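File shown here: protein39.pdb, holding PDB, C-alpha atoms (C1' of nucleotides).
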ATOM      1  CA  MET A   1      -9.273 -31.120  -5.978
ATOM      2  CA  VAL A   2      -6.626 -29.005  -7.634
ATOM      3  CA  ARG A   3      -3.281 -27.736  -6.438
ATOM      4  CA  ILE A   4      -2.146 -24.173  -6.077
ATOM      5  CA  GLY A   5      -0.488 -23.814  -9.476
ATOM      6  CA  GLU A   6      -3.646 -24.908 -11.242
ATOM      7  CA  LEU A   7      -5.805 -22.576  -9.193
ATOM      8  CA  SER A   8      -3.370 -19.808  -9.987
ATOM      9  CA  ARG A   9      -3.652 -20.550 -13.685
ATOM     10  CA  ARG A  10      -7.427 -20.666 -13.579
ATOM     11  CA  THR A  11      -7.766 -17.380 -11.751
ATOM     12  CA  GLY A  12      -4.772 -15.463 -12.989
ATOM     13  CA  VAL A  13      -3.750 -14.787  -9.416
ATOM     14  CA  PRO A  14      -0.122 -15.611  -8.493
ATOM     15  CA  SER A  15       0.396 -18.546  -6.118
ATOM     16  CA  ARG A  16       2.143 -16.162  -3.802
ATOM     17  CA  MET A  17      -1.080 -14.231  -3.439
ATOM     18  CA  LEU A  18      -3.191 -17.336  -2.890
ATOM     19  CA  ARG A  19      -0.935 -18.236   0.027
ATOM     20  CA  TYR A  20      -1.212 -14.701   1.281
ATOM     21  CA  TYR A  21      -5.013 -14.805   1.147
ATOM     22  CA  GLU A  22      -4.915 -18.025   3.112
ATOM     23  CA  GLU A  23      -2.645 -16.432   5.682
ATOM     24  CA  GLN A  24      -5.129 -13.559   5.961
ATOM     25  CA  GLY A  25      -7.959 -15.991   6.568
ATOM     26  CA  LEU A  26      -9.698 -15.366   3.253
ATOM     27  CA  LEU A  27      -9.148 -18.653   1.533
ATOM     28  CA  GLY A  28      -9.211 -22.082   3.121
ATOM     29  CA  ALA A  29      -7.272 -25.003   1.715
ATOM     30  CA  LEU A  30      -7.107 -28.689   2.477
ATOM     31  CA  ARG A  31      -3.748 -30.389   2.511
ATOM     32  CA  SER A  32      -2.943 -33.642   0.792
ATOM     33  CA  ASP A  33      -0.611 -36.262   2.287
ATOM     34  CA  ASN A  34       2.436 -34.359   1.234
ATOM     35  CA  GLY A  35       1.795 -30.889   2.495
ATOM     36  CA  TYR A  36       0.377 -29.630  -0.811
ATOM     37  CA  ARG A  37      -2.596 -27.305  -0.640
ATOM     38  CA  CYS A  38      -5.591 -28.584  -2.530
ATOM     39  CA  TYR A  39      -8.677 -26.664  -3.471
ATOM     40  CA  GLY A  40     -12.219 -27.564  -4.470
ATOM     41  CA  GLU A  41     -14.232 -26.077  -7.287
ATOM     42  CA  ALA A  42     -15.628 -23.291  -5.131
ATOM     43  CA  ALA A  43     -12.136 -21.873  -4.743
ATOM     44  CA  VAL A  44     -12.091 -20.386  -8.225
ATOM     45  CA  SER A  45     -15.096 -18.166  -7.670
ATOM     46  CA  ARG A  46     -14.007 -17.351  -4.171
ATOM     47  CA  VAL A  47     -10.662 -16.124  -5.424
ATOM     48  CA  GLN A  48     -12.398 -14.021  -8.046
ATOM     49  CA  GLN A  49     -14.641 -12.640  -5.352
ATOM     50  CA  ILE A  50     -11.633 -11.713  -3.252
ATOM     51  CA  ARG A  51      -9.864 -10.105  -6.194
ATOM     52  CA  GLY A  52     -12.881  -8.038  -7.077
ATOM     53  CA  LEU A  53     -13.263  -6.733  -3.556
ATOM     54  CA  LEU A  54      -9.561  -6.037  -3.231
ATOM     55  CA  ASP A  55      -9.575  -4.157  -6.521
ATOM     56  CA  ALA A  56     -12.525  -2.173  -5.298
ATOM     57  CA  GLY A  57     -10.471  -0.883  -2.425
ATOM     58  CA  LEU A  58     -11.554  -3.105   0.455
ATOM     59  CA  THR A  59      -8.855  -4.413   2.771
ATOM     60  CA  THR A  60      -8.263  -8.075   3.528
ATOM     61  CA  GLU A  61      -9.416  -7.304   7.059
ATOM     62  CA  ILE A  62     -12.830  -6.103   5.917
ATOM     63  CA  ILE A  63     -13.144  -8.845   3.346
ATOM     64  CA  ARG A  64     -12.401 -11.459   5.969
ATOM     65  CA  ARG A  65     -15.217 -10.159   8.103
ATOM     66  CA  ILE A  66     -17.892  -9.930   5.442
ATOM     67  CA  LEU A  67     -16.944 -12.963   3.397
ATOM     68  CA  PRO A  68     -18.893 -15.426   5.551
ATOM     69  CA  PHE A  69     -22.070 -13.584   4.615
ATOM     70  CA  LEU A  70     -21.293 -13.431   0.939
ATOM     71  CA  GLU A  71     -21.152 -17.074   0.048
ATOM     72  CA  GLY A  72     -23.712 -19.631  -0.886
ATOM     73  CA  PRO A  73     -26.158 -18.754  -3.651
ATOM     74  CA  GLU A  74     -29.241 -18.432  -1.515
ATOM     75  CA  GLY A  75     -29.543 -18.147   2.207
ATOM     76  CA  ILE A  76     -27.473 -21.154   3.076
ATOM     77  CA  HIS A  77     -25.727 -19.432   5.913
ATOM     78  CA  VAL A  78     -28.721 -17.875   7.600
ATOM     79  CA  HIS A  79     -28.270 -18.283  11.330
ATOM     80  CA  PRO A  80     -30.278 -15.497  12.970
ATOM     81  CA  ALA A  81     -28.790 -16.355  16.322
ATOM     82  CA  CYS A  82     -25.331 -15.474  15.039
ATOM     83  CA  LEU A  83     -26.290 -11.926  14.196
ATOM     84  CA  THR A  84     -25.354  -9.942  17.252
ATOM     85  CA  PRO A  85     -26.229  -6.249  17.208
ATOM     86  CA  GLU A  86     -22.549  -5.421  16.861
ATOM     87  CA  LEU A  87     -22.235  -7.637  13.831
ATOM     88  CA  GLU A  88     -25.360  -6.214  12.300
ATOM     89  CA  GLY A  89     -23.977  -2.728  12.799
ATOM     90  CA  LEU A  90     -20.721  -3.747  11.205
ATOM     91  CA  LEU A  91     -22.484  -5.193   8.199
ATOM     92  CA  ARG A  92     -24.779  -2.216   7.755
ATOM     93  CA  GLY A  93     -21.828   0.123   8.093
ATOM     94  CA  GLU A  94     -19.966  -1.811   5.468
ATOM     95  CA  VAL A  95     -22.978  -1.725   3.176
ATOM     96  CA  ALA A  96     -23.036   2.045   3.562
ATOM     97  CA  ARG A  97     -19.355   2.355   2.735
ATOM     98  CA  ILE A  98     -19.781   0.135  -0.280
ATOM     99  CA  GLN A  99     -22.746   2.201  -1.409
ATOM    100  CA  ALA A 100     -20.691   5.369  -1.085
ATOM    101  CA  ARG A 101     -18.025   3.847  -3.301
ATOM    102  CA  ILE A 102     -20.622   2.828  -5.850
ATOM    103  CA  ASP A 103     -22.095   6.313  -5.915
ATOM    104  CA  CYS A 104     -18.712   7.911  -6.368
ATOM    105  CA  LEU A 105     -17.679   5.511  -9.100
ATOM    106  CA  ALA A 106     -20.990   5.835 -10.926
ATOM    107  CA  ARG A 107     -20.778   9.609 -10.797
ATOM    108  CA  ASN A 108     -17.321   9.586 -12.286
ATOM    109  CA  ARG A 109     -18.139   6.949 -14.850
ATOM    110  CA  ASP A 110     -21.007   9.139 -16.020
ATOM    111  CA  ALA A 111     -18.772  12.187 -16.142
ATOM    112  CA  LEU A 112     -16.281  10.287 -18.291
ATOM    113  CA  LEU A 113     -18.991   8.951 -20.568
ATOM    114  CA  GLY A 114     -20.500  12.407 -20.748
ATOM    115  CA  TYR A 115     -17.194  13.813 -21.850
ATOM    116  CA  LEU A 116     -16.726  11.115 -24.459
ATOM    117  CA  ALA A 117     -20.236  11.661 -25.755
ATOM    118  CA  ALA A 118     -19.760  15.417 -25.891
ATOM    119  CA  VAL A 119     -16.530  15.188 -27.775
ATOM    120  CA  ARG A 120     -17.659  12.500 -30.204
ATOM    121  CA  PRO A 121     -21.363  13.139 -30.633
ATOM    122  CA  GLY A 122     -21.821  10.284 -33.052
ATOM    123  CA  SER A 123     -20.409   7.209 -31.307
ATOM    124  CA  PRO A 124     -21.628   4.757 -28.633
TER     125      PRO A 124
ATOM    126  CA  MET B   1      -8.426  31.956  -0.820
ATOM    127  CA  VAL B   2      -7.782  29.687   2.100
ATOM    128  CA  ARG B   3      -4.634  28.109   3.438
ATOM    129  CA  ILE B   4      -3.855  24.457   3.815
ATOM    130  CA  GLY B   5      -4.973  24.072   7.424
ATOM    131  CA  GLU B   6      -8.383  25.463   6.649
ATOM    132  CA  LEU B   7      -8.769  23.249   3.598
ATOM    133  CA  SER B   8      -7.742  20.323   5.736
ATOM    134  CA  ARG B   9     -10.390  21.199   8.293
ATOM    135  CA  ARG B  10     -13.072  21.609   5.676
ATOM    136  CA  THR B  11     -12.355  18.320   3.990
ATOM    137  CA  GLY B  12     -11.140  16.188   6.856
ATOM    138  CA  VAL B  13      -8.024  15.334   4.884
ATOM    139  CA  PRO B  14      -4.667  15.818   6.670
ATOM    140  CA  SER B  15      -2.455  18.632   5.356
ATOM    141  CA  ARG B  16       0.195  16.063   4.726
ATOM    142  CA  MET B  17      -2.089  14.392   2.229
ATOM    143  CA  LEU B  18      -3.022  17.644   0.518
ATOM    144  CA  ARG B  19       0.678  18.299  -0.096
ATOM    145  CA  TYR B  20       1.030  14.758  -1.341
ATOM    146  CA  TYR B  21      -1.855  15.179  -3.787
ATOM    147  CA  GLU B  22      -0.202  18.332  -5.068
ATOM    148  CA  GLU B  23       3.075  16.491  -5.506
ATOM    149  CA  GLN B  24       1.193  13.825  -7.466
ATOM    150  CA  GLY B  25      -0.294  16.454  -9.737
ATOM    151  CA  LEU B  26      -3.846  16.040  -8.465
ATOM    152  CA  LEU B  27      -4.335  19.338  -6.714
ATOM    153  CA  GLY B  28      -3.042  22.718  -7.825
ATOM    154  CA  ALA B  29      -2.321  25.507  -5.368
ATOM    155  CA  LEU B  30      -1.378  29.136  -5.696
ATOM    156  CA  ARG B  31       1.268  30.538  -3.415
ATOM    157  CA  SER B  32       0.973  33.752  -1.499
ATOM    158  CA  ASP B  33       3.908  36.113  -0.943
ATOM    159  CA  ASN B  34       5.275  34.027   1.838
ATOM    160  CA  GLY B  35       5.386  30.567   0.356
ATOM    161  CA  TYR B  36       2.025  29.527   1.798
ATOM    162  CA  ARG B  37      -0.255  27.471  -0.402
ATOM    163  CA  CYS B  38      -3.639  29.033  -0.985
ATOM    164  CA  TYR B  39      -6.680  27.402  -2.433
ATOM    165  CA  GLY B  40      -9.882  28.616  -4.037
ATOM    166  CA  GLU B  41     -13.390  27.389  -3.348
ATOM    167  CA  ALA B  42     -13.186  24.662  -5.982
ATOM    168  CA  ALA B  43     -10.474  22.944  -3.970
ATOM    169  CA  VAL B  44     -12.913  21.564  -1.419
ATOM    170  CA  SER B  45     -14.923  19.578  -3.917
ATOM    171  CA  ARG B  46     -11.832  18.566  -5.806
ATOM    172  CA  VAL B  47     -10.315  17.116  -2.659
ATOM    173  CA  GLN B  48     -13.532  15.251  -1.948
ATOM    174  CA  GLN B  49     -13.473  13.957  -5.491
ATOM    175  CA  ILE B  50      -9.914  12.740  -5.059
ATOM    176  CA  ARG B  51     -10.711  11.088  -1.735
ATOM    177  CA  GLY B  52     -13.693   9.300  -3.169
ATOM    178  CA  LEU B  53     -11.725   7.915  -6.059
ATOM    179  CA  LEU B  54      -8.843   6.920  -3.826
ATOM    180  CA  ASP B  55     -11.207   5.159  -1.457
ATOM    181  CA  ALA B  56     -12.709   3.373  -4.407
ATOM    182  CA  GLY B  57      -9.365   1.831  -5.184
ATOM    183  CA  LEU B  58      -8.039   4.042  -7.970
ATOM    184  CA  THR B  59      -4.405   5.075  -7.814
ATOM    185  CA  THR B  60      -3.185   8.660  -7.864
ATOM    186  CA  GLU B  61      -1.710   7.885 -11.275
ATOM    187  CA  ILE B  62      -5.088   6.989 -12.773
ATOM    188  CA  ILE B  63      -6.832   9.818 -11.011
ATOM    189  CA  ARG B  64      -4.326  12.276 -12.379
ATOM    190  CA  ARG B  65      -5.074  11.126 -15.884
ATOM    191  CA  ILE B  66      -8.853  11.176 -15.731
ATOM    192  CA  LEU B  67      -9.291  14.199 -13.474
ATOM    193  CA  PRO B  68      -9.086  16.727 -16.328
ATOM    194  CA  PHE B  69     -12.196  15.150 -17.827
ATOM    195  CA  LEU B  70     -14.111  15.057 -14.598
ATOM    196  CA  GLU B  71     -14.334  18.709 -13.757
ATOM    197  CA  GLY B  72     -16.642  21.490 -14.736
ATOM    198  CA  PRO B  73     -20.353  20.888 -14.341
ATOM    199  CA  GLU B  74     -21.209  20.699 -18.032
ATOM    200  CA  GLY B  75     -18.934  20.313 -20.984
ATOM    201  CA  ILE B  76     -16.626  23.159 -20.159
ATOM    202  CA  HIS B  77     -13.556  21.235 -21.092
ATOM    203  CA  VAL B  78     -14.706  19.835 -24.379
ATOM    204  CA  HIS B  79     -11.830  20.101 -26.831
ATOM    205  CA  PRO B  80     -12.417  17.438 -29.480
ATOM    206  CA  ALA B  81      -9.002  18.083 -30.945
ATOM    207  CA  CYS B  82      -7.388  16.985 -27.698
ATOM    208  CA  LEU B  83      -8.934  13.526 -27.803
ATOM    209  CA  THR B  84      -6.321  11.386 -29.477
ATOM    210  CA  PRO B  85      -7.291   7.769 -30.164
ATOM    211  CA  GLU B  86      -4.880   6.683 -27.437
ATOM    212  CA  LEU B  87      -6.522   8.968 -24.925
ATOM    213  CA  GLU B  88      -9.971   7.836 -25.951
ATOM    214  CA  GLY B  89      -8.873   4.237 -25.488
ATOM    215  CA  LEU B  90      -7.468   5.047 -22.092
ATOM    216  CA  LEU B  91     -10.677   6.707 -21.004
ATOM    217  CA  ARG B  92     -12.887   3.922 -22.307
ATOM    218  CA  GLY B  93     -10.659   1.376 -20.635
ATOM    219  CA  GLU B  94     -10.909   3.248 -17.387
ATOM    220  CA  VAL B  95     -14.680   3.448 -17.714
ATOM    221  CA  ALA B  96     -14.737  -0.315 -18.154
ATOM    222  CA  ARG B  97     -12.596  -0.876 -15.081
ATOM    223  CA  ILE B  98     -14.782   1.457 -13.069
ATOM    224  CA  GLN B  99     -17.863  -0.360 -14.276
ATOM    225  CA  ALA B 100     -16.361  -3.678 -13.230
ATOM    226  CA  ARG B 101     -15.770  -2.289  -9.753
ATOM    227  CA  ILE B 102     -19.318  -1.004  -9.583
ATOM    228  CA  ASP B 103     -20.705  -4.381 -10.607
ATOM    229  CA  CYS B 104     -18.605  -6.190  -8.043
ATOM    230  CA  LEU B 105     -19.525  -3.801  -5.269
ATOM    231  CA  ALA B 106     -23.215  -3.835  -6.169
ATOM    232  CA  ARG B 107     -23.240  -7.627  -6.199
ATOM    233  CA  ASN B 108     -21.685  -7.785  -2.774
ATOM    234  CA  ARG B 109     -23.843  -5.028  -1.365
ATOM    235  CA  ASP B 110     -26.878  -6.991  -2.508
ATOM    236  CA  ALA B 111     -25.532 -10.174  -0.989
ATOM    237  CA  LEU B 112     -25.012  -8.410   2.315
ATOM    238  CA  LEU B 113     -28.450  -6.810   2.215
ATOM    239  CA  GLY B 114     -29.926 -10.147   1.222
ATOM    240  CA  TYR B 115     -28.352 -11.767   4.228
ATOM    241  CA  LEU B 116     -29.552  -9.031   6.543
ATOM    242  CA  ALA B 117     -33.060  -9.280   5.121
ATOM    243  CA  ALA B 118     -33.075 -13.047   5.432
ATOM    244  CA  VAL B 119     -31.967 -13.021   9.022
ATOM    245  CA  ARG B 120     -34.225 -10.163  10.101
ATOM    246  CA  PRO B 121     -37.291 -10.510   7.900
ATOM    247  CA  GLY B 122     -39.059  -7.571   9.475
ATOM    248  CA  SER B 123     -36.612  -4.655   9.225
ATOM    249  CA  PRO B 124     -35.493  -2.197   6.534
TER     250      PRO B 124
ATOM    251  C1'  DT C   1       9.056  41.665  21.975
ATOM    252  C1'  DT C   2       7.919  37.292  22.852
ATOM    253  C1'  DG C   3       4.582  33.330  22.308
ATOM    254  C1'  DG C   4       1.765  30.636  19.817
ATOM    255  C1'  DA C   5      -0.446  29.113  15.748
ATOM    256  C1'  DC C   6       0.345  28.465  11.330
ATOM    257  C1'  DC C   7       3.133  27.534   7.451
ATOM    258  C1'  DT C   8       7.389  25.622   4.803
ATOM    259  C1'  DT C   9      10.593  21.488   3.317
ATOM    260  C1'  DC C  10      12.849  17.230   4.323
ATOM    261  C1'  DA C  11      13.155  12.776   5.895
ATOM    262  C1'  DC C  12      12.349   8.647   7.996
ATOM    263  C1'  DA C  13       8.678   5.075   9.444
ATOM    264  C1'  DT C  14       4.598   2.228   8.860
ATOM    265  C1'  DC C  15       1.151  -0.647   6.589
ATOM    266  C1'  DA C  16      -0.978  -3.534   3.039
ATOM    267  C1'  DG C  17      -0.430  -5.759  -1.048
ATOM    268  C1'  DT C  18       2.848  -7.764  -4.008
ATOM    269  C1'  DG C  19       7.332  -9.454  -6.299
ATOM    270  C1'  DT C  20      11.100 -12.512  -6.049
ATOM    271  C1'  DG C  21      14.439 -15.681  -4.762
ATOM    272  C1'  DA C  22      16.672 -19.268  -1.810
ATOM    273  C1'  DA C  23      16.685 -23.919   0.073
ATOM    274  C1'  DG C  24      14.564 -28.001   0.121
ATOM    275  C1'  DG C  25      10.705 -31.979  -0.367
ATOM    276  C1'  DC C  26       7.886 -34.899  -3.587
ATOM    277  C1'  DA C  27       6.597 -37.205  -7.941
ATOM    278  C1'  DA C  28       6.502 -38.600 -12.735
ATOM    279  C1'  DG C  29       9.117 -39.591 -16.903
ATOM    280  C1'  DG C  30      13.472 -40.556 -19.724
TER     281       DG C  30
ATOM    282  C1'  DC D   1      18.922 -42.982 -11.087
ATOM    283  C1'  DC D   2      18.513 -38.397 -12.218
ATOM    284  C1'  DT D   3      16.188 -34.521 -14.209
ATOM    285  C1'  DT D   4      12.250 -31.629 -14.386
ATOM    286  C1'  DG D   5       8.486 -29.381 -12.455
ATOM    287  C1'  DC D   6       5.613 -28.569  -8.906
ATOM    288  C1'  DC D   7       5.169 -27.869  -4.238
ATOM    289  C1'  DT D   8       6.714 -26.259   0.639
ATOM    290  C1'  DT D   9       8.408 -22.401   4.022
ATOM    291  C1'  DC D  10      11.077 -18.389   4.911
ATOM    292  C1'  DA D  11      12.670 -13.968   4.109
ATOM    293  C1'  DC D  12      13.918  -9.803   2.178
ATOM    294  C1'  DA D  13      12.467  -5.852  -0.961
ATOM    295  C1'  DC D  14       9.452  -2.795  -3.294
ATOM    296  C1'  DT D  15       5.432   0.417  -4.029
ATOM    297  C1'  DG D  16       1.723   3.543  -2.902
ATOM    298  C1'  DA D  17      -0.690   5.802   0.602
ATOM    299  C1'  DT D  18      -0.081   7.585   5.016
ATOM    300  C1'  DG D  19       1.841   8.986   9.834
ATOM    301  C1'  DT D  20       5.117  11.695  12.294
ATOM    302  C1'  DG D  21       8.662  14.599  13.637
ATOM    303  C1'  DA D  22      12.526  17.922  13.064
ATOM    304  C1'  DA D  23      14.206  22.530  11.866
ATOM    305  C1'  DG D  24      12.944  26.686  10.547
ATOM    306  C1'  DG D  25      10.050  30.918   8.429
ATOM    307  C1'  DT D  26       5.730  34.077   8.985
ATOM    308  C1'  DC D  27       2.304  36.581  11.250
ATOM    309  C1'  DC D  28      -0.793  38.087  14.806
ATOM    310  C1'  DA D  29      -1.897  39.163  19.360
ATOM    311  C1'  DA D  30      -0.675  39.932  24.270
TER     312       DA D  30
END

For this file, write the structure as structure tokens.
Amino acid sequence: MVRIGELSRRTGVPSRMLRYYEEQGLLGALRSDNGYRCYGEAAVSRVQQIRGLLDAGLTTEIIRRILPFLEGPEGIHVHPACLTPELEGLLRGEVARIQARIDCLARNRDALLGYLAAVRPGSP
Amino acid sequence: MVRIGELSRRTGVPSRMLRYYEEQGLLGALRSDNGYRCYGEAAVSRVQQIRGLLDAGLTTEIIRRILPFLEGPEGIHVHPACLTPELEGLLRGEVARIQARIDCLARNRDALLGYLAAVRPGSP
DNA sequence: TTGGACCTTCACATCAGTGTGAAGGCAAGG
DNA sequence: CCTTGCCTTCACACTGATGTGAAGGTCCAA
């Protein structure tokens, strides 16, 4: 159980932002007797997850909605009953949007690499 | 040569944003005798390119810098002399950042698809 | 000739994500 | 005990991308 400053150090994300993510419902935190937030080990990877998605252009709103289905290594959170048609639609829609981003990024990465290769024929 | 409203209609991007992209140096426009902006055919795909990159979390600043190396189907803009070491570093750095985004998005897409598959074993 | 649809620039507003600082509580160490 | 460092909440400010509206010019069609 580590406090916010330590989590900030381990993730490189400012404390201010960790509080913000909590406020947005992305990051839970226990409180110790004094009101200090304290985080378990899972918090580090969760914060990195959040950062990655944020950097990739998703909003905290979207992240909040898909995050529950992103955790746990393998099928820990599989509750078929919880998957309403609306939710399934939301998830599939989000998958499509993510795929579109991937396609666009991959296209442009290849264009950049193509340019670099064309201009410097003899380098990786 | 089409005016801004038509380009807006064809791309789904508000005129306001097309002017903004021009101001940011992303989108060139000729002017007809009255001061109207007019765009060639290439503008449509360029706007879509810009939108895709923006949606994928790149800033107009970054887009402006890499855009010159993204156009032309095949090696039209290959000027080895123009590739200073700084520029090459910038481009390779940007490729790396793009790749990181792709990896993050792909990971999360797979997690989402994995969840959907786990909860509905018999559907695409 | 007037109306409407389009264009121009300018400017102010909003939203999300982030930076930063004030004012104060808690805890360990000299 | 007092300093130092970490924590708390609150609040205001900034930035980039975007919405929106005002005030006015251009052009075509009734």

Legend entry - Interface list for chain A, partner chain B, 8 Å threshold, only C-alpha atoms, as a VMD selection string: chain A and resid 52 to 53 55 to 58 66 69 to 70 75 78 to 80 83 88 91 95 98 to 99 101 to 102 104 to 106 108 to 109 111 to 113 115 to 116 118 to 120

Legend entry - Contacts of range 15-25 of chain C within 12 Å, only C-alpha atoms (C1' of nucleotides), excl. fewer than 5 positions in-chain, as a PyMOL selection string: (chain A and resi 13-21+24+34-36+51+54-55+57-61) or (chain D and resi 6-19)

Fitted chain B, least squares over ordered Cα pairs with chain A, as a short mmCIF file (atom, residue, chain, number, x, y, z; two decimals) with C-alpha atoms, in the coordinates of the input:
data_model
loop_
_atom_site.label_atom_id
_atom_site.label_comp_id
_atom_site.auth_asym_id
_atom_site.auth_seq_id
_atom_site.Cartn_x
_atom_site.Cartn_y
_atom_site.Cartn_z
CA MET B 1 -9.19 -31.12 -5.95
CA VAL B 2 -6.58 -29.00 -7.61
CA ARG B 3 -3.24 -27.70 -6.44
CA ILE B 4 -2.14 -24.14 -6.09
CA GLY B 5 -0.51 -23.78 -9.50
CA GLU B 6 -3.65 -24.88 -11.26
CA LEU B 7 -5.81 -22.55 -9.20
CA SER B 8 -3.39 -19.78 -10.01
CA ARG B 9 -3.70 -20.53 -13.70
CA ARG B 10 -7.46 -20.66 -13.58
CA THR B 11 -7.81 -17.38 -11.76
CA GLY B 12 -4.83 -15.43 -13.00
CA VAL B 13 -3.79 -14.76 -9.42
CA PRO B 14 -0.16 -15.55 -8.50
CA SER B 15 0.37 -18.48 -6.13
CA ARG B 16 2.10 -16.10 -3.81
CA MET B 17 -1.13 -14.19 -3.45
CA LEU B 18 -3.22 -17.31 -2.90
CA ARG B 19 -0.95 -18.22 0.02
CA TYR B 20 -1.26 -14.68 1.28
CA TYR B 21 -5.06 -14.81 1.14
CA GLU B 22 -4.94 -18.04 3.11
CA GLU B 23 -2.68 -16.44 5.69
CA GLN B 24 -5.18 -13.58 5.95
CA GLY B 25 -8.01 -16.02 6.56
CA LEU B 26 -9.74 -15.38 3.24
CA LEU B 27 -9.17 -18.68 1.52
CA GLY B 28 -9.22 -22.11 3.12
CA ALA B 29 -7.25 -25.02 1.70
CA LEU B 30 -7.06 -28.70 2.48
CA ARG B 31 -3.68 -30.37 2.53
CA SER B 32 -2.86 -33.60 0.82
CA ASP B 33 -0.50 -36.20 2.31
CA ASN B 34 2.53 -34.30 1.23
CA GLY B 35 1.88 -30.82 2.50
CA TYR B 36 0.45 -29.57 -0.79
CA ARG B 37 -2.55 -27.28 -0.64
CA CYS B 38 -5.55 -28.57 -2.53
CA TYR B 39 -8.64 -26.67 -3.45
CA GLY B 40 -12.17 -27.59 -4.45
CA GLU B 41 -14.20 -26.12 -7.28
CA ALA B 42 -15.61 -23.34 -5.12
CA ALA B 43 -12.13 -21.89 -4.73
CA VAL B 44 -12.11 -20.41 -8.22
CA SER B 45 -15.11 -18.20 -7.67
CA ARG B 46 -14.03 -17.37 -4.16
CA VAL B 47 -10.69 -16.13 -5.43
CA GLN B 48 -12.44 -14.05 -8.07
CA GLN B 49 -14.67 -12.66 -5.37
CA ILE B 50 -11.67 -11.73 -3.26
CA ARG B 51 -9.90 -10.12 -6.21
CA GLY B 52 -12.92 -8.07 -7.10
CA LEU B 53 -13.31 -6.75 -3.60
CA LEU B 54 -9.61 -6.05 -3.29
CA ASP B 55 -9.62 -4.19 -6.58
CA ALA B 56 -12.58 -2.20 -5.35
CA GLY B 57 -10.52 -0.90 -2.49
CA LEU B 58 -11.58 -3.12 0.40
CA THR B 59 -8.88 -4.42 2.70
CA THR B 60 -8.28 -8.09 3.45
CA GLU B 61 -9.43 -7.32 6.99
CA ILE B 62 -12.86 -6.13 5.86
CA ILE B 63 -13.17 -8.87 3.30
CA ARG B 64 -12.43 -11.47 5.92
CA ARG B 65 -15.25 -10.16 8.05
CA ILE B 66 -17.94 -9.93 5.40
CA LEU B 67 -16.97 -12.98 3.34
CA PRO B 68 -18.93 -15.43 5.52
CA PHE B 69 -22.11 -13.58 4.59
CA LEU B 70 -21.35 -13.44 0.91
CA GLU B 71 -21.22 -17.08 0.04
CA GLY B 72 -23.79 -19.65 -0.87
CA PRO B 73 -26.22 -18.78 -3.64
CA GLU B 74 -29.31 -18.42 -1.47
CA GLY B 75 -29.59 -18.12 2.25
CA ILE B 76 -27.55 -21.15 3.11
CA HIS B 77 -25.77 -19.44 5.92
CA VAL B 78 -28.72 -17.86 7.62
CA HIS B 79 -28.27 -18.27 11.36
CA PRO B 80 -30.28 -15.49 13.00
CA ALA B 81 -28.79 -16.34 16.36
CA CYS B 82 -25.34 -15.47 15.07
CA LEU B 83 -26.28 -11.90 14.21
CA THR B 84 -25.32 -9.92 17.27
CA PRO B 85 -26.22 -6.22 17.23
CA GLU B 86 -22.53 -5.40 16.86
CA LEU B 87 -22.23 -7.63 13.83
CA GLU B 88 -25.37 -6.21 12.31
CA GLY B 89 -23.98 -2.72 12.80
CA LEU B 90 -20.72 -3.73 11.21
CA LEU B 91 -22.48 -5.18 8.20
CA ARG B 92 -24.77 -2.20 7.76
CA GLY B 93 -21.81 0.12 8.09
CA GLU B 94 -19.96 -1.82 5.47
CA VAL B 95 -22.97 -1.73 3.17
CA ALA B 96 -23.02 2.04 3.56
CA ARG B 97 -19.34 2.35 2.74
CA ILE B 98 -19.78 0.12 -0.28
CA GLN B 99 -22.72 2.20 -1.40
CA ALA B 100 -20.66 5.37 -1.07
CA ARG B 101 -17.99 3.83 -3.29
CA ILE B 102 -20.59 2.81 -5.84
CA ASP B 103 -22.04 6.32 -5.91
CA CYS B 104 -18.63 7.88 -6.35
CA LEU B 105 -17.63 5.49 -9.09
CA ALA B 106 -20.95 5.83 -10.90
CA ARG B 107 -20.70 9.61 -10.79
CA ASN B 108 -17.24 9.55 -12.27
CA ARG B 109 -18.10 6.92 -14.84
CA ASP B 110 -20.95 9.14 -15.98
CA ALA B 111 -18.70 12.16 -16.11
CA LEU B 112 -16.23 10.27 -18.26
CA LEU B 113 -18.95 8.94 -20.54
CA GLY B 114 -20.45 12.40 -20.70
CA TYR B 115 -17.15 13.81 -21.82
CA LEU B 116 -16.69 11.10 -24.42
CA ALA B 117 -20.21 11.66 -25.72
CA ALA B 118 -19.72 15.40 -25.85
CA VAL B 119 -16.50 15.19 -27.76
CA ARG B 120 -17.65 12.48 -30.16
CA PRO B 121 -21.36 13.12 -30.58
CA GLY B 122 -21.83 10.28 -33.02
CA SER B 123 -20.42 7.19 -31.27
CA PRO B 124 -21.59 4.74 -28.60
#

Inset, instruction - Apply the PyMOL selection byres ((chain C and resi 8) around 7) to the displayed file and report the matching residues as an MDAnalysis selection string. - result: (chainID B and resid 35) or (chainID C and resid 7 9) or (chainID D and resid 25)

I need the chosen residues saved as a PDB file, in the frame of the given file, with C-alpha atoms (C1' of nucleotides).
ATOM      1  CA  GLY B  35       5.386  30.567   0.356  1.00  0.00           C
TER       2      GLY B  35
ATOM      3  C1'  DC C   7       3.133  27.534   7.451  1.00  0.00           C
ATOM      4  C1'  DT C   9      10.593  21.488   3.317  1.00  0.00           C
TER       5       DT C   9
ATOM      6  C1'  DG D  25      10.050  30.918   8.429  1.00  0.00           C
TER       7       DG D  25
END

Inset, instruction - To one decimal in Å, tell me the separation between CA of Thr11 in chain A and CA of Val44 in chain A. - result: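 These atoms are spaced 6.3 Å apart.
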
Inset, instruction - Check the smallest atom-to-atom distance from each of B:Val47, B:Ser32, B:Thr84, B:Tyr39 to chain D using all atoms listed in the file, then report the winner. - result: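 Nearest to chain D: B:Ser32.
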